[in-house]
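Coordinates as given in model03.txt (compact mmCIF, C-alpha atoms (C1' of nucleotides)):
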```
# COMPACT_ATOMS: atom_id res chain seq x y z
CA MET A 1 37.75 -20.10 42.05
CA PRO A 2 35.37 -21.65 44.56
CA PRO A 3 32.37 -23.48 43.10
CA MET A 4 29.11 -21.54 43.02
CA SER A 5 25.68 -22.47 44.34
CA ILE A 6 22.73 -22.48 41.97
CA SER A 7 21.43 -19.18 43.29
CA GLU A 8 24.82 -17.56 42.77
CA VAL A 9 24.85 -18.70 39.16
CA ALA A 10 21.27 -17.53 38.74
CA ARG A 11 22.19 -14.11 40.07
CA GLN A 12 25.18 -13.78 37.77
CA VAL A 13 23.33 -14.67 34.60
CA GLY A 14 19.99 -13.10 35.51
CA LEU A 15 17.89 -16.25 35.61
CA GLN A 16 15.84 -17.93 38.30
CA SER A 17 17.22 -21.03 39.96
CA SER A 18 14.20 -22.96 38.75
CA ALA A 19 15.09 -22.11 35.15
CA ILE A 20 18.59 -23.50 35.62
CA ARG A 21 17.21 -26.72 37.08
CA TYR A 22 14.84 -26.87 34.15
CA TYR A 23 17.66 -26.43 31.64
CA GLU A 24 19.48 -29.30 33.28
CA GLN A 25 16.35 -31.38 33.16
CA ILE A 26 15.84 -30.90 29.44
CA GLY A 27 19.51 -31.55 28.73
CA LEU A 28 20.57 -28.03 27.88
CA LEU A 29 23.04 -28.13 30.78
CA PRO A 30 24.98 -31.21 31.83
CA PRO A 31 24.03 -32.70 35.23
CA ALA A 32 25.79 -30.55 37.83
CA HIS A 33 28.21 -31.90 40.41
CA ARG A 34 26.49 -32.43 43.72
CA THR A 35 27.69 -32.40 47.30
CA SER A 36 25.10 -33.96 49.59
CA GLY A 37 22.46 -33.39 46.97
CA GLN A 38 23.25 -29.75 46.22
CA ARG A 39 24.47 -28.52 42.87
CA HIS A 40 27.82 -26.77 42.55
CA TYR A 41 29.07 -25.06 39.43
CA ASP A 42 32.30 -23.68 38.07
CA THR A 43 32.61 -20.72 35.72
CA SER A 44 32.05 -22.74 32.55
CA VAL A 45 28.33 -22.86 33.28
CA LEU A 46 28.28 -19.07 33.05
CA TYR A 47 29.53 -19.23 29.48
CA ARG A 48 27.06 -21.89 28.58
CA LEU A 49 24.21 -19.85 30.01
CA ALA A 50 25.47 -16.67 28.36
CA ILE A 51 25.01 -18.45 25.05
CA VAL A 52 21.57 -19.66 26.01
CA ASN A 53 20.52 -16.15 26.95
CA ARG A 54 21.93 -14.63 23.82
CA ALA A 55 20.30 -17.25 21.64
CA ARG A 56 16.94 -16.67 23.32
CA GLN A 57 17.36 -12.96 22.66
CA LEU A 58 17.89 -13.84 19.01
CA GLY A 59 14.57 -15.62 18.91
CA PHE A 60 15.79 -19.21 19.20
CA THR A 61 13.70 -21.78 21.02
CA LEU A 62 15.30 -24.03 23.62
CA ASP A 63 15.04 -26.82 21.13
CA GLU A 64 17.01 -24.88 18.57
CA ILE A 65 19.58 -24.01 21.20
CA ARG A 66 19.99 -27.69 21.89
CA GLN A 67 20.73 -28.06 18.18
CA LEU A 68 23.34 -25.36 18.51
CA PHE A 69 25.13 -27.36 21.20
CA PHE A 70 24.52 -30.95 20.16
CA GLY A 71 23.19 -30.93 16.61
CA PHE A 72 26.57 -30.76 14.85
CA GLY A 73 29.66 -32.88 14.52
CA LYS A 74 32.10 -32.35 17.36
CA VAL A 75 34.57 -30.49 15.16
CA THR A 76 32.10 -28.01 13.71
CA PRO A 77 33.22 -24.50 14.67
CA ALA A 78 30.87 -22.36 16.75
CA SER A 79 30.75 -19.74 14.01
CA THR A 80 29.52 -22.32 11.51
CA ARG A 81 26.84 -23.50 13.91
CA TRP A 82 25.62 -19.96 14.48
CA ARG A 83 25.54 -19.23 10.81
CA ALA A 84 23.51 -22.32 9.99
CA LEU A 85 20.89 -21.62 12.62
CA SER A 86 20.87 -17.89 12.04
CA GLU A 87 20.10 -18.27 8.40
CA LYS A 88 17.04 -20.37 9.14
CA LYS A 89 15.91 -17.99 11.86
CA LEU A 90 16.36 -14.95 9.66
CA SER A 91 14.03 -16.35 7.06
CA GLU A 92 11.50 -17.25 9.74
CA LEU A 93 11.69 -13.70 11.01
CA ASN A 94 11.20 -12.38 7.50
CA ASN A 95 8.00 -14.37 7.17
CA LEU A 96 6.88 -13.15 10.55
CA MET A 97 7.55 -9.56 9.50
CA ASP A 98 5.56 -10.00 6.33
CA GLY A 99 2.65 -11.31 8.39
CA ILE A 100 2.82 -8.34 10.69
CA LYS A 101 3.00 -5.90 7.80
CA THR A 102 -0.08 -7.48 6.31
CA MET A 103 -1.88 -7.09 9.61
CA GLN A 104 -0.85 -3.45 9.80
CA ARG A 105 -2.01 -2.76 6.28
CA LEU A 106 -5.35 -4.40 6.91
CA LEU A 107 -5.74 -2.63 10.25
CA ARG A 108 -5.13 0.74 8.68
CA ARG A 109 -7.56 -0.02 5.89
CA MET A 110 -10.11 -1.13 8.45
CA MET A 111 -9.61 2.09 10.42
CA THR A 112 -10.03 4.40 7.47
CA ARG A 113 -12.56 2.53 5.41
CA CYS A 114 -15.00 0.98 7.85
CA HIS A 115 -18.07 3.14 8.42
CA CYS A 116 -20.41 0.39 9.56
CA GLU A 117 -23.05 1.15 12.14
CA THR A 118 -23.67 -2.33 13.47
CA MET A 119 -21.35 -5.29 13.85
CA ASP A 120 -23.87 -7.41 12.01
CA GLN A 121 -23.75 -5.14 8.99
CA CYS A 122 -19.97 -5.19 9.16
CA GLY A 123 -19.95 -8.98 9.32
CA ARG A 124 -22.23 -9.20 6.32
CA GLY A 125 -19.83 -7.06 4.31
CA ILE A 126 -16.84 -9.13 5.34
CA PHE A 127 -18.61 -12.41 4.67
CA ARG A 128 -19.85 -11.40 1.22
CA SER A 129 -16.87 -9.53 -0.18
CA GLY A 130 -14.10 -9.85 2.38
CA LYS A 131 -14.41 -6.14 2.97
CA CYS A 132 -16.15 -3.96 5.48
CA LEU A 133 -18.32 -1.84 3.22
CA PRO A 134 -19.41 1.73 3.87
CA ILE A 135 -22.92 2.29 5.21
CA THR A 136 -24.01 3.66 1.81
CA ASN A 137 -23.93 0.20 0.30
CA MET B 138 -33.22 -20.30 4.33
CA PRO B 139 -33.14 -23.57 6.21
CA PRO B 140 -31.13 -23.66 9.41
CA MET B 141 -27.62 -25.10 9.13
CA SER B 142 -25.90 -27.79 11.13
CA ILE B 143 -22.66 -27.02 12.89
CA SER B 144 -20.58 -28.82 10.28
CA GLU B 145 -22.25 -26.85 7.50
CA VAL B 146 -21.38 -23.60 9.26
CA ALA B 147 -17.86 -24.86 9.85
CA ARG B 148 -17.47 -25.66 6.18
CA GLN B 149 -18.75 -22.25 5.08
CA VAL B 150 -16.44 -20.25 7.32
CA GLY B 151 -13.46 -22.59 7.20
CA LEU B 152 -13.37 -23.59 10.85
CA GLN B 153 -13.63 -26.92 12.62
CA SER B 154 -16.84 -27.73 14.42
CA SER B 155 -14.94 -28.01 17.67
CA ALA B 156 -13.78 -24.41 17.29
CA ILE B 157 -17.37 -23.23 16.91
CA ARG B 158 -18.43 -25.10 20.04
CA TYR B 159 -15.46 -23.59 21.79
CA TYR B 160 -16.44 -20.08 20.71
CA GLU B 161 -19.89 -20.69 22.10
CA GLN B 162 -18.40 -21.99 25.31
CA ILE B 163 -16.28 -18.89 25.89
CA GLY B 164 -19.18 -16.60 25.04
CA LEU B 165 -17.98 -15.39 21.66
CA LEU B 166 -21.10 -16.84 20.09
CA PRO B 167 -24.52 -16.87 21.73
CA PRO B 168 -25.85 -20.31 22.72
CA ALA B 169 -27.23 -21.87 19.55
CA HIS B 170 -30.81 -23.05 19.17
CA ARG B 171 -31.04 -26.78 19.69
CA THR B 172 -33.40 -29.44 18.41
CA SER B 173 -33.03 -32.59 20.46
CA GLY B 174 -29.63 -31.48 21.57
CA GLN B 175 -28.21 -30.49 18.20
CA ARG B 176 -27.24 -26.98 17.28
CA HIS B 177 -28.91 -25.19 14.40
CA TYR B 178 -27.83 -21.86 13.00
CA ASP B 179 -29.17 -19.22 10.69
CA THR B 180 -27.07 -17.00 8.45
CA SER B 181 -26.32 -14.41 11.13
CA VAL B 182 -23.75 -16.73 12.66
CA LEU B 183 -21.82 -16.59 9.40
CA TYR B 184 -21.45 -12.83 9.76
CA ARG B 185 -20.42 -13.15 13.33
CA LEU B 186 -17.78 -15.72 12.45
CA ALA B 187 -16.60 -13.69 9.47
CA ILE B 188 -15.78 -10.94 11.93
CA VAL B 189 -14.05 -13.34 14.29
CA ASN B 190 -11.93 -14.69 11.44
CA ARG B 191 -11.06 -11.26 10.16
CA ALA B 192 -10.19 -10.03 13.61
CA ARG B 193 -7.94 -13.06 14.20
CA GLN B 194 -6.28 -12.33 10.90
CA LEU B 195 -5.64 -8.81 12.19
CA GLY B 196 -3.86 -10.21 15.22
CA PHE B 197 -6.63 -9.85 17.80
CA THR B 198 -6.94 -12.40 20.58
CA LEU B 199 -10.30 -13.99 21.30
CA ASP B 200 -10.44 -11.88 24.40
CA GLU B 201 -10.03 -8.71 22.38
CA ILE B 202 -12.67 -9.90 19.95
CA ARG B 203 -15.04 -10.32 22.86
CA GLN B 204 -14.29 -6.67 23.67
CA LEU B 205 -15.17 -5.78 20.12
CA PHE B 206 -18.60 -7.36 20.54
CA PHE B 207 -19.41 -6.67 24.18
CA GLY B 208 -16.95 -4.10 25.49
CA PHE B 209 -18.80 -1.03 24.28
CA GLY B 210 -22.10 0.71 24.90
CA LYS B 211 -24.89 -0.72 22.82
CA VAL B 212 -25.06 2.34 20.59
CA THR B 213 -21.37 2.50 19.76
CA PRO B 214 -20.97 2.12 15.98
CA ALA B 215 -18.96 -0.80 14.66
CA SER B 216 -16.51 1.56 12.99
CA THR B 217 -15.76 3.25 16.30
CA ARG B 218 -15.19 -0.11 17.96
CA TRP B 219 -12.78 -1.20 15.26
CA ARG B 220 -10.89 2.04 15.42
CA ALA B 221 -10.43 1.87 19.18
CA LEU B 222 -9.10 -1.67 19.14
CA SER B 223 -7.09 -1.19 15.96
CA GLU B 224 -5.17 1.71 17.38
CA LYS B 225 -4.08 -0.35 20.37
CA LYS B 226 -3.20 -3.30 18.19
CA LEU B 227 -1.22 -1.18 15.76
CA SER B 228 1.03 0.05 18.52
CA GLU B 229 1.47 -3.48 19.82
CA LEU B 230 2.47 -4.57 16.35
CA ASN B 231 4.96 -1.73 16.13
CA ASN B 232 6.62 -2.92 19.31
CA LEU B 233 6.66 -6.45 17.98
CA MET B 234 8.28 -5.24 14.76
CA ASP B 235 10.95 -3.40 16.69
CA GLY B 236 11.73 -6.56 18.62
CA ILE B 237 12.02 -8.54 15.42
CA LYS B 238 14.22 -5.92 13.80
CA THR B 239 16.52 -6.05 16.79
CA MET B 240 16.74 -9.80 16.47
CA GLN B 241 17.52 -9.52 12.77
CA ARG B 242 20.22 -6.96 13.37
CA LEU B 243 21.82 -9.08 16.06
CA LEU B 244 21.53 -12.22 13.96
CA ARG B 245 23.26 -10.57 11.03
CA ARG B 246 26.01 -9.25 13.29
CA MET B 247 26.44 -12.72 14.74
CA MET B 248 26.68 -14.23 11.27
CA THR B 249 29.30 -11.82 10.01
CA ARG B 250 31.30 -11.19 13.14
CA CYS B 251 31.49 -14.50 14.98
CA HIS B 252 34.61 -16.46 14.18
CA CYS B 253 34.74 -18.56 17.33
CA GLU B 254 36.07 -22.07 17.17
CA THR B 255 34.39 -23.53 20.23
CA MET B 256 31.08 -22.74 21.88
CA ASP B 257 32.90 -22.32 25.15
CA GLN B 258 35.09 -19.60 23.71
CA CYS B 259 32.05 -17.99 22.19
CA GLY B 260 30.23 -18.09 25.53
CA ARG B 261 33.22 -16.53 27.28
CA GLY B 262 33.13 -13.64 24.83
CA ILE B 263 29.44 -13.11 25.27
CA PHE B 264 29.65 -13.37 29.03
CA ARG B 265 32.53 -10.90 29.37
CA SER B 266 31.63 -8.27 26.82
CA GLY B 267 28.22 -9.16 25.46
CA LYS B 268 29.87 -9.88 22.14
CA CYS B 269 31.14 -12.92 20.37
CA LEU B 270 34.77 -11.97 19.85
CA PRO B 271 37.00 -13.09 16.97
CA ILE B 272 39.39 -15.92 17.63
CA THR B 273 42.31 -13.49 17.60
CA ASN B 274 41.28 -12.11 20.94
C1' DC C 275 -33.96 -53.82 13.59
C1' DT C 276 -29.53 -52.62 12.77
C1' DC C 277 -25.96 -49.86 11.34
C1' DC C 278 -23.61 -45.63 10.34
C1' DA C 279 -22.64 -40.84 10.27
C1' DA C 280 -23.05 -36.89 12.63
C1' DC C 281 -24.01 -34.91 16.64
C1' DT C 282 -23.67 -34.12 21.98
C1' DT C 283 -21.00 -33.35 26.62
C1' DA C 284 -17.12 -33.05 29.86
C1' DA C 285 -12.58 -33.73 30.61
C1' DA C 286 -8.11 -34.08 29.32
C1' DG C 287 -4.31 -33.27 26.08
C1' DT C 288 -1.27 -30.08 23.11
C1' DC C 289 2.74 -26.67 22.75
C1' DC C 290 6.46 -23.82 25.21
C1' DA C 291 9.19 -22.23 28.84
C1' DC C 292 8.97 -22.08 32.83
C1' DT C 293 7.01 -21.31 37.83
C1' DT C 294 4.78 -22.84 41.89
C1' DG C 295 3.70 -25.93 45.55
C1' DA C 296 4.26 -29.66 48.66
C1' DA C 297 7.17 -32.13 51.42
C1' DG C 298 11.43 -32.71 53.01
C1' DG C 299 17.04 -32.40 53.74
C1' DC C 300 21.11 -30.14 55.54
C1' DA C 301 24.30 -26.71 57.77
C1' DA C 302 24.97 -22.72 60.59
C1' DG C 303 23.91 -19.71 64.35
C1' DC C 304 21.75 -18.91 68.89
C1' DG D 305 17.67 -28.35 70.09
C1' DC D 306 15.44 -25.05 67.41
C1' DT D 307 14.99 -21.78 63.93
C1' DT D 308 16.43 -19.84 59.59
C1' DG D 309 17.49 -20.17 55.00
C1' DC D 310 18.95 -22.36 51.13
C1' DC D 311 18.70 -26.42 48.83
C1' DT D 312 16.36 -30.90 46.91
C1' DT D 313 12.63 -33.70 44.03
C1' DC D 314 8.44 -34.53 41.80
C1' DA D 315 4.03 -33.12 40.33
C1' DA D 316 1.06 -29.91 38.89
C1' DG D 317 -0.19 -25.24 37.25
C1' DT D 318 0.10 -21.19 33.73
C1' DG D 319 -1.74 -19.09 29.25
C1' DG D 320 -4.07 -19.24 24.49
C1' DA D 321 -6.69 -21.46 21.30
C1' DC D 322 -8.07 -24.99 20.39
C1' DT D 323 -8.24 -30.51 19.48
C1' DT D 324 -8.84 -35.03 20.99
C1' DT D 325 -10.95 -38.64 23.49
C1' DA D 326 -14.46 -41.18 25.74
C1' DA D 327 -18.94 -42.24 26.20
C1' DG D 328 -23.37 -41.58 24.82
C1' DT D 329 -27.64 -39.80 21.67
C1' DT D 330 -30.21 -39.05 17.36
C1' DG D 331 -31.88 -39.56 12.64
C1' DG D 332 -31.99 -41.76 8.44
C1' DA D 333 -30.89 -45.65 5.09
C1' DG D 334 -31.31 -50.31 4.10
```
When written as structure tokens, how does the structure in this file appear?
Amino acid sequence: MPPMSISEVARQVGLQSSAIRYYEQIGLLPPAHRTSGQRHYDTSVLYRLAIVNRARQLGFTLDEIRQLFFGFGKVTPASTRWRALSEKKLSELNNLMDGIKTMQRLLRRMMTRCHCETMDQCGRGIFRSGKCLPITN
Amino acid sequence: MPPMSISEVARQVGLQSSAIRYYEQIGLLPPAHRTSGQRHYDTSVLYRLAIVNRARQLGFTLDEIRQLFFGFGKVTPASTRWRALSEKKLSELNNLMDGIKTMQRLLRRMMTRCHCETMDQCGRGIFRSGKCLPITN
DNA sequence: CTCCAACTTAAAGTCCACTTGAAGGCAAGC
DNA sequence: GCTTGCCTTCAAGTGGACTTTAAGTTGGAG
């Protein structure tokens, strides 16, 4: 297997070269081997980046992904690492969902129950009672 | 009703003074009356800010809130404005929900189905097949 | 008169995940 | 020897919604 250039790696994992340099910079990838300044990679970087991509798809931040790689004892199995982080993320996502559901409920209420003529009138209703009252009040 | 200072308004609507200045700066609030440089407000600003707060709670960006105020013909009723923007926002929220559900599904699959020992092994599985394969493979 | 709190402005900083730009290096092909 | 094309670094820009900072003004209490 010949070593790959940065753009070849980028192509294979569907990232931009600049993103890969950035990942190296923030310590998500180890410093690449260089010949006369230019980075060369072997296949292991593809696996590393596959994990990064998957983790991003799961909603993890780069910081959390760093935890995944470096935040555990060396002997901690990958599956254990995933489980620990996934549990936290799942509860975050649950909270996020609840927030969104609240927004949807309020939006639907606003759509059906607001009959205000002017924004000022609407604002008065919201300020006084938290609700947008019908014009008849 | 005596006019209020910016910090009094901030207190009543639960914002920081800097946020109110910022809203004025981006045109969400009209320029306030000033006596020797200092802003003074009457109650109408409370209504305006009640709407801004409510709209933010509903997931609208400041830009969308500006639409709510200024993006319609002068005679367009408030209720019509809300409905137009709410419909758009509801579909955005639906997309967001779908994304989150996908993440949750994938996270749960990852938690139950990943039995990898090393991250490298895990990455290989993801890279080759998109899945994190059991150690037996 | 002095001090303090509250106000003013403009500019810069924050977070996140990058991208873009400037300025330059290196190898191959013509 | 020149162009082309890919690479390098470092610094700065992006977006959204503000906050923070610096430097200065105003009004009132003591």
Using only C-alpha atoms (C1' of nucleotides), find each residue in chain C having at least one atom no more than 12 Å away from chain A; report its shortest atom-to-atom pair and that distance in Å (one decimal), rows by chain then rising number, as a tab-separated table.
```
residue	atom	partner	partner_atom	distance
C:DC290	C1'	A:Thr61	CA	8.6
C:DA291	C1'	A:Leu62	CA	8.2
C:DC292	C1'	A:Ala19	CA	6.5
C:DT293	C1'	A:Ser18	CA	7.4
C:DT294	C1'	A:Ser18	CA	9.9
C:DG299	C1'	A:Gly37	CA	8.7
C:DC300	C1'	A:Ser36	CA	8.1
C:DA301	C1'	A:Ser36	CA	11.0
```
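Every residue of chain D that lies within 12 Å of chain A is listed here, counting all atoms listed in the file: D:DC310, D:DC311, D:DT312, D:DT313.
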Pick out the chain A residues within 6 Å of chain B. Count only C-alpha atoms. Give them as an NGL selection string. :A and (47-48 or 50-51 or 58 or 77-79 or 83 or 103 or 111 or 114-119 or 123-124 or 127)
How about saving the chosen residues, C-alpha atoms kept, as a PDB file, keeping the file's coordinate frame?
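To be explicit, this is the file written out as result-v1.pdb:
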```
ATOM      1  CA  TYR A  47      29.530 -19.230  29.480  1.00  0.00           C
ATOM      2  CA  ARG A  48      27.060 -21.890  28.580  1.00  0.00           C
ATOM      3  CA  ALA A  50      25.470 -16.670  28.360  1.00  0.00           C
ATOM      4  CA  ILE A  51      25.010 -18.450  25.050  1.00  0.00           C
ATOM      5  CA  LEU A  58      17.890 -13.840  19.010  1.00  0.00           C
ATOM      6  CA  PRO A  77      33.220 -24.500  14.670  1.00  0.00           C
ATOM      7  CA  ALA A  78      30.870 -22.360  16.750  1.00  0.00           C
ATOM      8  CA  SER A  79      30.750 -19.740  14.010  1.00  0.00           C
ATOM      9  CA  ARG A  83      25.540 -19.230  10.810  1.00  0.00           C
ATOM     10  CA  MET A 103      -1.880  -7.090   9.610  1.00  0.00           C
ATOM     11  CA  MET A 111      -9.610   2.090  10.420  1.00  0.00           C
ATOM     12  CA  CYS A 114     -15.000   0.980   7.850  1.00  0.00           C
ATOM     13  CA  HIS A 115     -18.070   3.140   8.420  1.00  0.00           C
ATOM     14  CA  CYS A 116     -20.410   0.390   9.560  1.00  0.00           C
ATOM     15  CA  GLU A 117     -23.050   1.150  12.140  1.00  0.00           C
ATOM     16  CA  THR A 118     -23.670  -2.330  13.470  1.00  0.00           C
ATOM     17  CA  MET A 119     -21.350  -5.290  13.850  1.00  0.00           C
ATOM     18  CA  GLY A 123     -19.950  -8.980   9.320  1.00  0.00           C
ATOM     19  CA  ARG A 124     -22.230  -9.200   6.320  1.00  0.00           C
ATOM     20  CA  PHE A 127     -18.610 -12.410   4.670  1.00  0.00           C
TER      21      PHE A 127
END
```
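Pairwise distance (CA of Ile163 in chain B, CA of Pro139 in chain B) equals 26.3 Å.
In this model, the gap between CA of Phe70 in chain A and CA of Gly27 in chain A comes to 9.9 Å.
Selecting by distance to (-13.3, -39.2, 27.5) with a limit of 10 Å and using only C-alpha atoms (C1' of nucleotides), one obtains DT283, DA284, DA285 and DA286 of chain C; DT324, DT325, DA326 and DA327 of chain D.
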Could you state the separation of CA of Arg203 in chain B and CA of Pro167 in chain B in Å, given to one decimal place? 11.6 Å
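Considering the residues B:Glu201, B:His170, B:Met141, B:Ser154 and counting all atoms listed in the file, Lys225 in chain B has its shortest atom-to-atom contact with B:Glu201.
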